[in-house]
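structure_23.cif, holding mmCIF, C-alpha atoms:
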```cif
data_entry
loop_
_atom_site.label_atom_id
_atom_site.label_comp_id
_atom_site.auth_asym_id
_atom_site.auth_seq_id
_atom_site.Cartn_x
_atom_site.Cartn_y
_atom_site.Cartn_z
CA MET A 17 -0.83 8.14 -7.78
CA VAL A 18 -1.85 5.80 -4.94
CA SER A 19 -1.74 8.56 -2.34
CA ALA A 20 -4.24 10.59 -4.36
CA LEU A 21 -6.68 7.69 -4.20
CA ILE A 22 -6.59 7.39 -0.43
CA PRO A 23 -8.17 10.21 1.60
CA ALA A 24 -7.09 10.80 5.18
CA VAL A 25 -9.72 8.93 7.20
CA ALA A 26 -9.05 7.94 10.77
CA LEU A 27 -9.14 4.21 11.50
CA THR A 28 -9.54 3.06 15.08
CA ASP A 29 -8.10 -0.13 16.53
CA ARG A 30 -10.02 -1.87 19.32
CA THR A 31 -9.59 -5.16 21.13
CA VAL A 32 -12.63 -7.36 21.58
CA VAL A 33 -12.76 -10.51 23.66
CA VAL A 34 -14.37 -13.60 22.15
CA ALA A 35 -14.07 -17.32 22.79
CA ASP A 36 -10.79 -17.39 20.83
CA GLY A 37 -9.26 -14.71 23.04
CA SER A 38 -8.50 -11.02 22.47
CA ILE A 39 -8.75 -9.95 18.84
CA ARG A 40 -7.90 -6.65 17.19
CA ILE A 41 -10.57 -5.05 15.00
CA ARG A 42 -9.86 -1.91 12.97
CA CYS A 43 -12.82 0.21 11.85
CA GLY A 44 -13.42 3.59 10.28
CA GLY A 45 -16.12 5.59 8.58
CA GLU A 46 -19.66 6.63 9.42
CA ARG A 47 -22.50 4.12 9.46
CA LEU A 48 -25.43 5.86 7.80
CA GLN A 49 -28.98 4.72 8.47
CA GLY A 50 -29.86 1.70 6.35
CA ARG A 51 -26.38 1.38 4.88
CA PRO A 52 -24.33 -1.86 5.14
CA LEU A 53 -21.10 -2.36 7.01
CA VAL A 54 -18.17 -3.32 4.79
CA VAL A 55 -16.33 -6.30 6.33
CA LEU A 56 -12.79 -6.91 5.05
CA GLU A 57 -11.63 -10.54 5.35
CA ALA A 58 -7.90 -10.95 4.68
CA GLY A 59 -6.09 -13.72 2.86
CA ALA A 60 -4.02 -16.41 4.54
CA GLY A 61 -1.32 -15.11 6.85
CA ASN A 62 -2.57 -11.53 6.70
CA GLY A 63 -4.28 -9.26 9.20
CA ALA A 64 -6.04 -5.90 9.14
CA GLU A 65 -2.99 -4.10 7.77
CA THR A 66 -3.32 -5.82 4.39
CA TRP A 67 -6.18 -3.38 3.69
CA SER A 68 -4.19 -0.22 4.45
CA LYS A 69 -4.30 1.06 0.86
CA VAL A 70 -8.07 0.67 0.50
CA GLN A 71 -9.77 0.85 3.90
CA PRO A 72 -9.35 4.63 4.42
CA ALA A 73 -10.87 5.34 1.01
CA ILE A 74 -13.75 2.89 1.56
CA ALA A 75 -14.39 4.61 4.89
CA GLU A 76 -15.14 7.80 2.93
CA PHE A 77 -18.44 6.32 1.72
CA ALA A 78 -19.16 3.43 4.14
CA ARG A 79 -18.14 2.18 7.55
CA ALA A 80 -15.50 -0.52 7.07
CA CYS A 81 -13.97 -3.01 9.52
CA ALA A 82 -11.05 -5.45 9.30
CA TYR A 83 -9.66 -7.76 11.96
CA ASP A 84 -6.87 -10.22 12.79
CA ARG A 85 -7.91 -13.87 12.75
CA PRO A 86 -6.76 -15.81 15.85
CA GLY A 87 -4.97 -18.38 13.71
CA LEU A 88 -2.20 -15.92 12.80
CA VAL A 89 1.02 -17.37 14.17
CA ARG A 90 2.60 -13.95 14.75
CA ASN A 91 -0.14 -13.07 17.25
CA ALA A 92 0.38 -16.13 19.44
CA PRO A 93 3.32 -17.30 21.60
CA THR A 94 2.84 -20.82 20.25
CA ARG A 95 1.29 -22.10 17.05
CA PRO A 96 -2.51 -21.81 17.40
CA GLN A 97 -4.73 -24.84 17.09
CA THR A 98 -6.01 -25.20 13.54
CA PRO A 99 -9.59 -23.88 13.40
CA THR A 100 -12.37 -25.79 11.68
CA PRO A 101 -14.40 -24.02 8.97
CA ASP A 102 -17.23 -23.54 11.48
CA ASP A 103 -14.72 -22.05 13.93
CA MET A 104 -13.71 -19.44 11.36
CA VAL A 105 -17.32 -18.45 10.72
CA ARG A 106 -18.07 -18.31 14.44
CA THR A 107 -15.02 -16.14 15.06
CA LEU A 108 -15.99 -13.63 12.36
CA ASP A 109 -19.53 -13.44 13.71
CA ALA A 110 -18.35 -13.17 17.32
CA VAL A 111 -15.90 -10.36 16.52
CA LEU A 112 -18.55 -8.30 14.72
CA THR A 113 -21.06 -8.92 17.53
CA ALA A 114 -18.58 -8.03 20.28
CA ALA A 115 -17.64 -4.86 18.43
CA GLY A 116 -21.30 -3.86 18.12
CA GLU A 117 -21.14 -3.89 14.31
CA ALA A 118 -24.58 -5.14 13.27
CA PRO A 119 -25.70 -6.42 9.86
CA PRO A 120 -26.41 -5.94 7.02
CA TYR A 121 -22.92 -6.57 5.65
CA VAL A 122 -21.06 -6.27 2.39
CA LEU A 123 -18.36 -8.93 2.65
CA VAL A 124 -15.01 -8.40 0.94
CA GLY A 125 -12.73 -11.44 0.86
CA HIS A 126 -9.21 -11.76 -0.49
CA SER A 127 -7.75 -15.19 -1.34
CA LEU A 128 -8.53 -17.51 1.62
CA GLY A 129 -10.78 -14.75 2.94
CA GLY A 130 -12.97 -15.24 -0.12
CA MET A 131 -13.70 -18.76 1.05
CA ILE A 132 -14.44 -17.61 4.59
CA VAL A 133 -16.93 -14.96 3.50
CA ARG A 134 -18.70 -17.41 1.17
CA LEU A 135 -18.99 -19.90 4.03
CA TYR A 136 -20.29 -17.13 6.29
CA VAL A 137 -23.06 -16.20 3.85
CA THR A 138 -24.16 -19.84 3.55
CA ARG A 139 -24.66 -19.82 7.34
CA PHE A 140 -26.20 -16.33 7.61
CA PRO A 141 -27.68 -15.42 4.21
CA GLU A 142 -30.08 -12.87 5.69
CA ARG A 143 -27.19 -10.77 7.02
CA VAL A 144 -25.29 -10.27 3.75
CA VAL A 145 -26.41 -7.85 1.05
CA GLY A 146 -23.36 -7.82 -1.22
CA MET A 147 -19.95 -9.39 -1.82
CA VAL A 148 -16.60 -8.57 -3.41
CA LEU A 149 -14.18 -11.45 -4.09
CA ILE A 150 -10.55 -10.44 -4.62
CA ASP A 151 -8.58 -13.17 -6.38
CA SER A 152 -10.48 -15.54 -4.13
CA SER A 153 -9.48 -19.11 -3.47
CA HIS A 154 -11.94 -21.64 -4.89
CA GLU A 155 -13.28 -24.82 -3.30
CA ASP A 156 -12.23 -26.85 -6.35
CA GLN A 157 -8.69 -25.51 -6.66
CA LEU A 158 -6.94 -28.24 -4.66
CA ARG A 159 -8.47 -30.97 -6.79
CA ARG A 160 -8.07 -29.15 -10.08
CA PHE A 161 -4.46 -28.09 -9.51
CA ALA A 162 -3.54 -31.56 -8.25
CA ALA A 163 -4.85 -32.99 -11.52
CA LEU A 164 -2.88 -30.40 -13.47
CA ASN A 165 0.36 -30.99 -11.56
CA PRO A 166 0.33 -34.18 -9.41
CA ALA A 167 3.84 -33.44 -8.12
CA GLN A 168 2.50 -30.48 -6.16
CA ALA A 169 -0.57 -32.25 -4.80
CA SER A 170 0.95 -32.91 -1.36
CA THR A 171 2.69 -29.54 -0.97
CA PRO A 172 1.03 -27.40 1.72
CA PRO A 173 0.32 -23.74 0.91
CA PRO A 174 3.24 -21.50 2.03
CA ALA A 175 0.89 -19.42 4.19
CA THR A 176 0.30 -22.38 6.54
CA ARG A 177 3.66 -21.44 8.09
CA VAL A 178 2.21 -18.12 9.26
CA GLU A 179 -1.41 -19.03 9.91
CA ALA A 180 -3.14 -22.17 11.09
CA PHE A 181 -5.93 -23.11 8.69
CA ASP A 182 -7.31 -26.22 7.01
CA LEU A 183 -7.76 -25.60 3.28
CA PRO A 184 -9.05 -29.12 2.49
CA ALA A 185 -11.71 -28.80 5.21
CA LEU A 186 -12.75 -25.36 3.97
CA SER A 187 -12.92 -26.69 0.42
CA ALA A 188 -15.09 -29.62 1.52
CA ALA A 189 -17.43 -27.38 3.53
CA LEU A 190 -17.96 -25.03 0.59
CA GLY A 191 -18.18 -27.87 -1.91
CA ALA A 192 -20.95 -29.53 0.09
CA LYS A 193 -23.17 -26.51 -0.45
CA PRO A 194 -21.75 -24.13 -3.07
CA TRP A 195 -22.90 -20.59 -2.41
CA ARG A 196 -25.24 -18.90 -4.87
CA ALA A 197 -27.44 -15.87 -4.26
CA SER A 198 -29.17 -12.92 -5.86
CA ILE A 199 -27.04 -10.20 -4.29
CA PRO A 200 -24.59 -7.77 -5.91
CA LEU A 201 -21.30 -9.59 -6.56
CA ALA A 202 -17.99 -8.29 -7.92
CA VAL A 203 -15.09 -10.61 -8.77
CA LEU A 204 -11.59 -9.16 -9.16
CA THR A 205 -8.94 -11.42 -10.69
CA ARG A 206 -5.20 -10.92 -11.01
CA SER A 207 -3.67 -10.62 -14.46
CA GLY A 208 -1.38 -13.31 -15.84
CA ASP A 209 0.05 -15.13 -18.80
CA THR A 210 -2.78 -16.87 -20.65
CA THR A 211 -0.28 -19.25 -22.27
CA ASP A 212 0.46 -20.66 -18.80
CA ALA A 213 -1.73 -23.64 -17.90
CA SER A 214 -1.80 -22.77 -14.19
CA TYR A 215 -3.03 -19.25 -14.85
CA ARG A 216 -5.63 -20.48 -17.33
CA LEU A 217 -6.97 -22.84 -14.67
CA TRP A 218 -7.01 -20.06 -12.08
CA LEU A 219 -8.89 -17.86 -14.55
CA GLU A 220 -11.41 -20.64 -15.16
CA LEU A 221 -12.07 -20.93 -11.42
CA GLN A 222 -12.42 -17.15 -11.13
CA ASN A 223 -14.84 -17.11 -14.05
CA GLU A 224 -16.93 -19.75 -12.29
CA LEU A 225 -17.16 -17.59 -9.16
CA ALA A 226 -18.55 -14.80 -11.32
CA THR A 227 -21.51 -17.04 -12.20
CA ARG A 228 -22.64 -17.33 -8.58
CA ALA A 229 -24.99 -14.33 -8.69
CA PRO A 230 -27.07 -12.83 -11.50
CA ASN A 231 -25.46 -9.82 -13.18
CA ALA A 232 -22.19 -10.28 -11.29
CA SER A 233 -19.27 -8.23 -12.57
CA GLN A 234 -15.74 -9.47 -13.17
CA VAL A 235 -12.62 -7.40 -13.73
CA ILE A 236 -9.14 -8.63 -14.65
CA ALA A 237 -6.77 -6.42 -12.66
CA GLU A 238 -4.20 -5.52 -15.30
CA GLY A 239 -0.73 -5.06 -13.87
CA SER A 240 -1.64 -6.73 -10.59
CA GLY A 241 -0.47 -9.84 -8.82
CA HIS A 242 -2.43 -11.76 -6.20
CA TYR A 243 -2.64 -8.78 -3.79
CA ILE A 244 -4.94 -6.61 -5.88
CA GLN A 245 -5.73 -4.44 -2.85
CA THR A 246 -2.03 -3.47 -2.82
CA ASP A 247 -1.22 -3.41 -6.55
CA ARG A 248 -4.50 -1.91 -7.82
CA PRO A 249 -6.29 -0.36 -4.84
CA ASP A 250 -8.34 1.76 -7.24
CA LEU A 251 -10.10 -1.34 -8.57
CA VAL A 252 -10.94 -2.64 -5.10
CA ILE A 253 -12.26 0.72 -3.93
CA ALA A 254 -14.40 1.07 -7.08
CA ALA A 255 -15.80 -2.47 -6.76
CA VAL A 256 -16.75 -1.98 -3.11
CA ARG A 257 -18.32 1.38 -3.88
CA THR A 258 -20.41 -0.15 -6.68
CA VAL A 259 -21.63 -3.06 -4.56
CA VAL A 260 -22.44 -0.81 -1.61
CA SER A 261 -24.38 1.57 -3.86
CA LYS A 262 -26.56 -1.29 -5.08
#
```

For this file, produce the structure as structure tokens.
Amino acid sequence: MVSALIPAVALTDRTVVVADGSIRIRCGGERLQGRPLVVLEAGAGNGAETWSKVQPAIAEFARACAYDRPGLVRNAPTRPQTPTPDDMVRTLDAVLTAAGEAPPYVLVGHSLGGMIVRLYVTRFPERVVGMVLIDSSHEDQLRRFAALNPAQASTPPPATRVEAFDLPALSAALGAKPWRASIPLAVLTRSGDTTDASYRLWLELQNELATRAPNASQVIAEGSGHYIQTDRPDLVIAAVRTVVSK
């Protein structure tokens, strides 16, 4: 079933040089006049390959690019220095600029990537014309989950072992100026057990994200875990297509 959803579209890997070093960017699809570029921002510990089930299909109707953040431990001989939130925004902007991929953008962020794209649009609102959040992390989740389960409050996210990032700093940066805008917004949320307090809290945070733009859509991805782009690529492709068309 999945293979039928994904047409054969060639994706091209390039290496661009920015202040953080050499970074891989993977792009595909034709950029039509006046149409936005789809920018795929991965979750913590993931690179461009996390989009392999959706990027070829998105490239059928829009040019789409994904890249490897420099904080990924597997791409460095030693553990990279932890970037600040501003560093992450600067890196994303520098990669797109070095690759010659100009705005406007539709930003697609999974998990941690959802925080990065929201921070990007607060810095460069004129460059972003749409957004898709895929089970995105929320700036209030550390505080809210710590209150729900104090025993886990000091436990670092597992992904910090494979990528250097500062979730408290990102949360503070977004919390200082929560993003809101009048652009097309789609929120995709994993399914779960509504009798579980942790999932109910996650759902509450996801619902709040869906209030950030007028007429935003929200879909619960039935049968999917956190990686909706892997478990339900059809939903991600459809959401991106809808936002791009608007």

Task: For Cys43 of chain A: contacts at 12 Å, only C-alpha atoms, fewer than 6 positions along chain excluded, given as JSON, numbers by chain - done: {"A": [25, 26, 27, 28, 29, 30, 31, 53, 54, 55, 56, 64, 65, 67, 68, 71, 72, 74, 75, 76, 78, 79, 80, 81, 82, 83, 111, 112, 115, 116, 117]}

Open item on the list: I'd like the residues picked by the PyMOL selection byres ((chain A and resi 140) around 12) written out as a list in words, using the chain letters and numbers from the file.
Closed with: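 Against this file, the PyMOL selection byres ((chain A and resi 140) around 12) returns the residues Val105, Arg106, Leu108, Asp109, Pro119, Pro120, Tyr121, Leu123, Val133, Arg134, Leu135, Tyr136, Val137, Thr138, Arg139, Pro141, Glu142, Arg143, Val144, Val145, Trp195 and Ala197 of chain A.
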
Output for the residues just chosen: C-alpha atoms as a PDB file, in the frame of the given file:
```pdb
ATOM      1  CA  VAL A 105     -17.320 -18.450  10.720  1.00  0.00           C
ATOM      2  CA  ARG A 106     -18.070 -18.310  14.440  1.00  0.00           C
ATOM      3  CA  LEU A 108     -15.990 -13.630  12.360  1.00  0.00           C
ATOM      4  CA  ASP A 109     -19.530 -13.440  13.710  1.00  0.00           C
ATOM      5  CA  PRO A 119     -25.700  -6.420   9.860  1.00  0.00           C
ATOM      6  CA  PRO A 120     -26.410  -5.940   7.020  1.00  0.00           C
ATOM      7  CA  TYR A 121     -22.920  -6.570   5.650  1.00  0.00           C
ATOM      8  CA  LEU A 123     -18.360  -8.930   2.650  1.00  0.00           C
ATOM      9  CA  VAL A 133     -16.930 -14.960   3.500  1.00  0.00           C
ATOM     10  CA  ARG A 134     -18.700 -17.410   1.170  1.00  0.00           C
ATOM     11  CA  LEU A 135     -18.990 -19.900   4.030  1.00  0.00           C
ATOM     12  CA  TYR A 136     -20.290 -17.130   6.290  1.00  0.00           C
ATOM     13  CA  VAL A 137     -23.060 -16.200   3.850  1.00  0.00           C
ATOM     14  CA  THR A 138     -24.160 -19.840   3.550  1.00  0.00           C
ATOM     15  CA  ARG A 139     -24.660 -19.820   7.340  1.00  0.00           C
ATOM     16  CA  PRO A 141     -27.680 -15.420   4.210  1.00  0.00           C
ATOM     17  CA  GLU A 142     -30.080 -12.870   5.690  1.00  0.00           C
ATOM     18  CA  ARG A 143     -27.190 -10.770   7.020  1.00  0.00           C
ATOM     19  CA  VAL A 144     -25.290 -10.270   3.750  1.00  0.00           C
ATOM     20  CA  VAL A 145     -26.410  -7.850   1.050  1.00  0.00           C
ATOM     21  CA  TRP A 195     -22.900 -20.590  -2.410  1.00  0.00           C
ATOM     22  CA  ALA A 197     -27.440 -15.870  -4.260  1.00  0.00           C
TER      23      ALA A 197
END
```

Open item on the list: Could you tell me how far atom CA of Val203 of chain A sits from atom CA of Val148 of chain A, in Å to one decimal place?
Closed with: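 Straight-line distance from atom CA of Val148 of chain A to atom CA of Val203 of chain A works out to 5.9 Å.
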
TODO: Using the chain letters and numbering of this document, enumerate as a list in words the residues selected by the PyMOL selection byres ((chain A and resi 33) around 12).
DONE: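 Going through the file, the PyMOL selection byres ((chain A and resi 33) around 12) ends up selecting Arg30, Thr31, Val32, Val34, Ala35, Asp36, Gly37, Ser38, Ile39, Arg40, Ile41, Pro86, Thr107, Ala110, Val111, Leu112, Thr113, Ala114 and Ala115 of chain A.
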
- [ ] Convert the output of the PyMOL selection byres ((chain A and resi 187) around 10) on the shown file into explicit residues, formatted as a VMD selection string.
- [x] chain A and resid 101 131 135 153 to 159 182 to 186 188 to 192 194

Task: Polymer residues at most 12 Å from Arg160 of chain A, only C-alpha atoms, same-chain spacing of 2 or more positions, as a PyMOL selection string - done: chain A and resi 154-158+162-166+168-169+187+213-214+216-218+220-221

Task: Length of the atom CA of Arg248 of chain A to atom CA of Glu179 of chain A vector [Å] - done: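 Interatomic distance, atom CA of Arg248 of chain A to atom CA of Glu179 of chain A: 24.8 Å.
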
Can segment 201-234 of chain A be brought up to N, CA and C atoms and written out as a PDB file, keeping the file's coordinate frame?
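Contents of result01.pdb, as written:
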```
ATOM      1  N   LEU A 201     -22.565  -8.864  -6.680  1.00  0.00           N
ATOM      2  CA  LEU A 201     -21.300  -9.590  -6.560  1.00  0.00           C
ATOM      3  C   LEU A 201     -20.302  -9.016  -7.548  1.00  0.00           C
ATOM      4  N   ALA A 202     -19.101  -8.718  -7.067  1.00  0.00           N
ATOM      5  CA  ALA A 202     -17.990  -8.290  -7.920  1.00  0.00           C
ATOM      6  C   ALA A 202     -16.831  -9.249  -7.717  1.00  0.00           C
ATOM      7  N   VAL A 203     -16.234  -9.704  -8.807  1.00  0.00           N
ATOM      8  CA  VAL A 203     -15.090 -10.610  -8.770  1.00  0.00           C
ATOM      9  C   VAL A 203     -13.907  -9.903  -9.414  1.00  0.00           C
ATOM     10  N   LEU A 204     -12.824  -9.743  -8.645  1.00  0.00           N
ATOM     11  CA  LEU A 204     -11.590  -9.160  -9.160  1.00  0.00           C
ATOM     12  C   LEU A 204     -10.551 -10.258  -9.263  1.00  0.00           C
ATOM     13  N   THR A 205      -9.871 -10.328 -10.405  1.00  0.00           N
ATOM     14  CA  THR A 205      -8.940 -11.420 -10.690  1.00  0.00           C
ATOM     15  C   THR A 205      -7.607 -10.847 -11.145  1.00  0.00           C
ATOM     16  N   ARG A 206      -6.527 -11.391 -10.610  1.00  0.00           N
ATOM     17  CA  ARG A 206      -5.200 -10.920 -11.010  1.00  0.00           C
ATOM     18  C   ARG A 206      -4.957 -11.164 -12.496  1.00  0.00           C
ATOM     19  N   SER A 207      -4.051 -10.397 -13.072  1.00  0.00           N
ATOM     20  CA  SER A 207      -3.670 -10.620 -14.460  1.00  0.00           C
ATOM     21  C   SER A 207      -2.603 -11.704 -14.514  1.00  0.00           C
ATOM     22  N   GLY A 208      -2.367 -12.237 -15.697  1.00  0.00           N
ATOM     23  CA  GLY A 208      -1.380 -13.310 -15.840  1.00  0.00           C
ATOM     24  C   GLY A 208      -1.153 -13.667 -17.297  1.00  0.00           C
ATOM     25  N   ASP A 209      -0.324 -14.660 -17.472  1.00  0.00           N
ATOM     26  CA  ASP A 209       0.050 -15.130 -18.800  1.00  0.00           C
ATOM     27  C   ASP A 209      -0.934 -16.214 -19.234  1.00  0.00           C
ATOM     28  N   THR A 210      -1.753 -15.920 -20.226  1.00  0.00           N
ATOM     29  CA  THR A 210      -2.780 -16.870 -20.650  1.00  0.00           C
ATOM     30  C   THR A 210      -2.200 -18.073 -21.399  1.00  0.00           C
ATOM     31  N   THR A 211      -0.901 -18.054 -21.683  1.00  0.00           N
ATOM     32  CA  THR A 211      -0.280 -19.250 -22.270  1.00  0.00           C
ATOM     33  C   THR A 211       0.147 -20.239 -21.190  1.00  0.00           C
ATOM     34  N   ASP A 212       0.075 -19.805 -19.925  1.00  0.00           N
ATOM     35  CA  ASP A 212       0.460 -20.660 -18.800  1.00  0.00           C
ATOM     36  C   ASP A 212      -0.749 -21.456 -18.326  1.00  0.00           C
ATOM     37  N   ALA A 213      -0.605 -22.771 -18.252  1.00  0.00           N
ATOM     38  CA  ALA A 213      -1.730 -23.640 -17.900  1.00  0.00           C
ATOM     39  C   ALA A 213      -2.261 -23.354 -16.501  1.00  0.00           C
ATOM     40  N   SER A 214      -1.362 -23.043 -15.567  1.00  0.00           N
ATOM     41  CA  SER A 214      -1.800 -22.770 -14.190  1.00  0.00           C
ATOM     42  C   SER A 214      -2.655 -21.509 -14.130  1.00  0.00           C
ATOM     43  N   TYR A 215      -2.234 -20.475 -14.857  1.00  0.00           N
ATOM     44  CA  TYR A 215      -3.030 -19.250 -14.850  1.00  0.00           C
ATOM     45  C   TYR A 215      -4.359 -19.462 -15.556  1.00  0.00           C
ATOM     46  N   ARG A 216      -4.368 -20.215 -16.640  1.00  0.00           N
ATOM     47  CA  ARG A 216      -5.630 -20.480 -17.330  1.00  0.00           C
ATOM     48  C   ARG A 216      -6.614 -21.207 -16.414  1.00  0.00           C
ATOM     49  N   LEU A 217      -6.102 -22.141 -15.608  1.00  0.00           N
ATOM     50  CA  LEU A 217      -6.970 -22.840 -14.670  1.00  0.00           C
ATOM     51  C   LEU A 217      -7.478 -21.889 -13.597  1.00  0.00           C
ATOM     52  N   TRP A 218      -6.589 -21.041 -13.072  1.00  0.00           N
ATOM     53  CA  TRP A 218      -7.010 -20.060 -12.080  1.00  0.00           C
ATOM     54  C   TRP A 218      -8.100 -19.148 -12.647  1.00  0.00           C
ATOM     55  N   LEU A 219      -7.910 -18.718 -13.900  1.00  0.00           N
ATOM     56  CA  LEU A 219      -8.890 -17.860 -14.550  1.00  0.00           C
ATOM     57  C   LEU A 219     -10.222 -18.578 -14.717  1.00  0.00           C
ATOM     58  N   GLU A 220     -10.178 -19.851 -15.026  1.00  0.00           N
ATOM     59  CA  GLU A 220     -11.410 -20.640 -15.160  1.00  0.00           C
ATOM     60  C   GLU A 220     -12.161 -20.696 -13.833  1.00  0.00           C
ATOM     61  N   LEU A 221     -11.432 -20.895 -12.730  1.00  0.00           N
ATOM     62  CA  LEU A 221     -12.070 -20.930 -11.420  1.00  0.00           C
ATOM     63  C   LEU A 221     -12.651 -19.569 -11.048  1.00  0.00           C
ATOM     64  N   GLN A 222     -11.921 -18.499 -11.386  1.00  0.00           N
ATOM     65  CA  GLN A 222     -12.420 -17.150 -11.130  1.00  0.00           C
ATOM     66  C   GLN A 222     -13.679 -16.864 -11.942  1.00  0.00           C
ATOM     67  N   ASN A 223     -13.664 -17.302 -13.200  1.00  0.00           N
ATOM     68  CA  ASN A 223     -14.840 -17.110 -14.050  1.00  0.00           C
ATOM     69  C   ASN A 223     -16.060 -17.825 -13.469  1.00  0.00           C
ATOM     70  N   GLU A 224     -15.823 -19.005 -12.888  1.00  0.00           N
ATOM     71  CA  GLU A 224     -16.930 -19.750 -12.290  1.00  0.00           C
ATOM     72  C   GLU A 224     -17.522 -18.996 -11.105  1.00  0.00           C
ATOM     73  N   LEU A 225     -16.655 -18.367 -10.292  1.00  0.00           N
ATOM     74  CA  LEU A 225     -17.160 -17.590  -9.160  1.00  0.00           C
ATOM     75  C   LEU A 225     -18.060 -16.452  -9.631  1.00  0.00           C
ATOM     76  N   ALA A 226     -17.758 -15.908 -10.791  1.00  0.00           N
ATOM     77  CA  ALA A 226     -18.550 -14.800 -11.320  1.00  0.00           C
ATOM     78  C   ALA A 226     -19.913 -15.232 -11.830  1.00  0.00           C
ATOM     79  N   THR A 227     -20.180 -16.557 -11.815  1.00  0.00           N
ATOM     80  CA  THR A 227     -21.510 -17.040 -12.200  1.00  0.00           C
ATOM     81  C   THR A 227     -22.417 -17.253 -10.989  1.00  0.00           C
ATOM     82  N   ARG A 228     -21.904 -16.972  -9.791  1.00  0.00           N
ATOM     83  CA  ARG A 228     -22.640 -17.330  -8.580  1.00  0.00           C
ATOM     84  C   ARG A 228     -23.820 -16.398  -8.269  1.00  0.00           C
ATOM     85  N   ALA A 229     -23.871 -15.251  -8.908  1.00  0.00           N
ATOM     86  CA  ALA A 229     -24.990 -14.330  -8.690  1.00  0.00           C
ATOM     87  C   ALA A 229     -25.361 -13.700 -10.025  1.00  0.00           C
ATOM     88  N   PRO A 230     -26.654 -13.457 -10.249  1.00  0.00           N
ATOM     89  CA  PRO A 230     -27.070 -12.830 -11.500  1.00  0.00           C
ATOM     90  C   PRO A 230     -26.438 -11.446 -11.655  1.00  0.00           C
ATOM     91  N   ASN A 231     -26.024 -11.139 -12.873  1.00  0.00           N
ATOM     92  CA  ASN A 231     -25.460  -9.820 -13.180  1.00  0.00           C
ATOM     93  C   ASN A 231     -24.197  -9.496 -12.393  1.00  0.00           C
ATOM     94  N   ALA A 232     -23.465 -10.525 -11.957  1.00  0.00           N
ATOM     95  CA  ALA A 232     -22.190 -10.280 -11.290  1.00  0.00           C
ATOM     96  C   ALA A 232     -21.208  -9.648 -12.266  1.00  0.00           C
ATOM     97  N   SER A 233     -20.309  -8.833 -11.742  1.00  0.00           N
ATOM     98  CA  SER A 233     -19.270  -8.230 -12.570  1.00  0.00           C
ATOM     99  C   SER A 233     -17.940  -8.914 -12.312  1.00  0.00           C
ATOM    100  N   GLN A 234     -17.091  -8.932 -13.323  1.00  0.00           N
ATOM    101  CA  GLN A 234     -15.740  -9.470 -13.170  1.00  0.00           C
ATOM    102  C   GLN A 234     -14.759  -8.549 -13.867  1.00  0.00           C
TER     103      GLN A 234
END
```
